[in-house]
Amino acid sequence: MGKKKVGIPDKAQLKQELKRERRKLRRREMISGTIEALLVAGAVTVLAATLFVPVMRIDGSSMEPSLHEGELVVSLRNGKWKKGDVVAFYNNNKVMIKRIIATEGETVDIDGDGIVYVNEIPLKETYLKNGRPALGKCNIALPCKVPEGSVFVMGDNRETSVDSRSIDIGCVSDEQIVSRVTFRIWPISGFGPVD
């Protein structure tokens, strides 16, 4: 068996090898640049979603028929809450989603049939499950005056919701509120604003 001779490459071979190495280097730079750009874009998206426009998954049935378990909603972090807004807030290290019924200084009362009165005026609540009020779990002293810097919240499904009617939650302070739920993004059939 003879050994194959390895000679010194000529000028043309060196140029061709240099071109091939440059192409490999450009390809690597392009791939690493693309990966870097995707990582930065992903980090910015996650940061924006976390800080400004959180996406949340509905857990439970307390907001039916407005929101159903498993739906994904977008919320906005702004400090302007008003009566009727659906808000997300912290309670015992858990995020809950309920509707604001009354704001600071207002007085809430609920009769035996579950009709809610704010400052002695019955609320028109078109969003309630089955279109009718229900007393649900209520163990707070009524009437209840909402303290300064707080809101009174209730779920739309009054029979199952644990909310400001419970001494475990009570009135929710402004500091507890994370964001206002504004838009449903999943399922596609329900895509649109949250009322």
# chains A, B, ... in the order shown; residues from 1 in each chain; ligands from 1
$ select_by_dssp --residues "chain A" --states "alpha helix (DSSP H)" --output "VMD selection string"
chain A and resid 11 to 51
$ residues_around --residues "A:Ile115" --least-positions-apart "4" --cutoff "10 Å" --atoms "only C-alpha atoms" --output "ChimeraX atom specification"
/A:109-111,122-125,132-135
$ residues_around --residues "A:Glu159" --least-positions-apart "6" --cutoff "12 Å" --atoms "only C-alpha atoms" --output "number ranges by chain"
A: 61-64, 113-114, 128-130, 132-138, 165
$ residues_around --residues "A:Gly70" --least-positions-apart "6" --cutoff "7 Å" --atoms "only C-alpha atoms" --output "mmCIF file with N, CA and C atoms, in the first residue's frame"
data_model
loop_
_atom_site.group_PDB
_atom_site.id
_atom_site.type_symbol
_atom_site.label_atom_id
_atom_site.label_comp_id
_atom_site.auth_asym_id
_atom_site.auth_seq_id
_atom_site.Cartn_x
_atom_site.Cartn_y
_atom_site.Cartn_z
ATOM 1 N N ARG A 57 -54.845 33.786 33.508
ATOM 2 C CA ARG A 57 -55.763 32.682 33.231
ATOM 3 C C ARG A 57 -56.822 32.670 34.320
ATOM 4 N N ILE A 58 -58.086 32.581 33.905
ATOM 5 C CA ILE A 58 -59.191 32.555 34.862
ATOM 6 C C ILE A 58 -59.235 31.186 35.522
ATOM 7 N N ASP A 59 -59.312 31.198 36.851
ATOM 8 C CA ASP A 59 -59.355 29.963 37.630
ATOM 9 C C ASP A 59 -60.615 29.994 38.480
#
$ closest_residue --among "A:Leu72, A:Val108, A:Val95, A:Ala12" --to "A:Phe191" --atoms "only C-alpha atoms"
A:Leu72
$ closest_residue --among "A:Gln16, A:Thr34, A:Ser173, A:Ser179" --to "A:Ser150" --atoms "only C-alpha atoms"
A:Ser173
$ closest_residue --among "A:Glu69, A:Glu120, A:Glu104, A:Glu21" --to "A:Pro187" --atoms "only C-alpha atoms"
A:Glu69
$ residues_around --residues "A:Pro147" --least-positions-apart "6" --cutoff "12 Å" --atoms "only C-alpha atoms" --output "count of residues only"
12
$ select_by_dssp --residues "stretch 40-170 of chain A" --states "strand (DSSP E or B)" --output "number ranges by chain"
A: 55-57, 72-76, 86-91, 94-103, 107-110, 116-118, 121-122, 144-145, 150-154
$ closest_residue --among "A:Trp186, A:Asn92, A:Cys144, A:Ala43" --to "A:Ile169" --atoms "only C-alpha atoms"
A:Asn92
$ residues_around --residues "A:Val178" --least-positions-apart "4" --cutoff "10 Å" --atoms "only C-alpha atoms" --output "CSV table (one decimal) with C-alpha atoms, in the first residue's frame"
chain,number,residue,atom,x,y,z
A,54,PRO,CA,-50.2,41.1,32.4
A,75,SER,CA,-55.2,43.4,32.1
A,76,LEU,CA,-53.8,46.9,32.3
A,77,ARG,CA,-51.8,48.3,35.2
A,78,ASN,CA,-53.2,51.7,35.9
A,79,GLY,CA,-54.3,53.3,39.2
A,87,VAL,CA,-59.9,44.0,38.7
A,88,ALA,CA,-57.2,41.5,39.7
A,89,PHE,CA,-55.9,41.9,43.2
A,90,TYR,CA,-53.7,40.0,45.7
A,95,VAL,CA,-54.4,36.7,42.6
A,96,MET,CA,-58.2,37.0,42.6
A,97,ILE,CA,-60.5,38.6,39.9
A,174,ASP,CA,-55.8,50.1,46.4
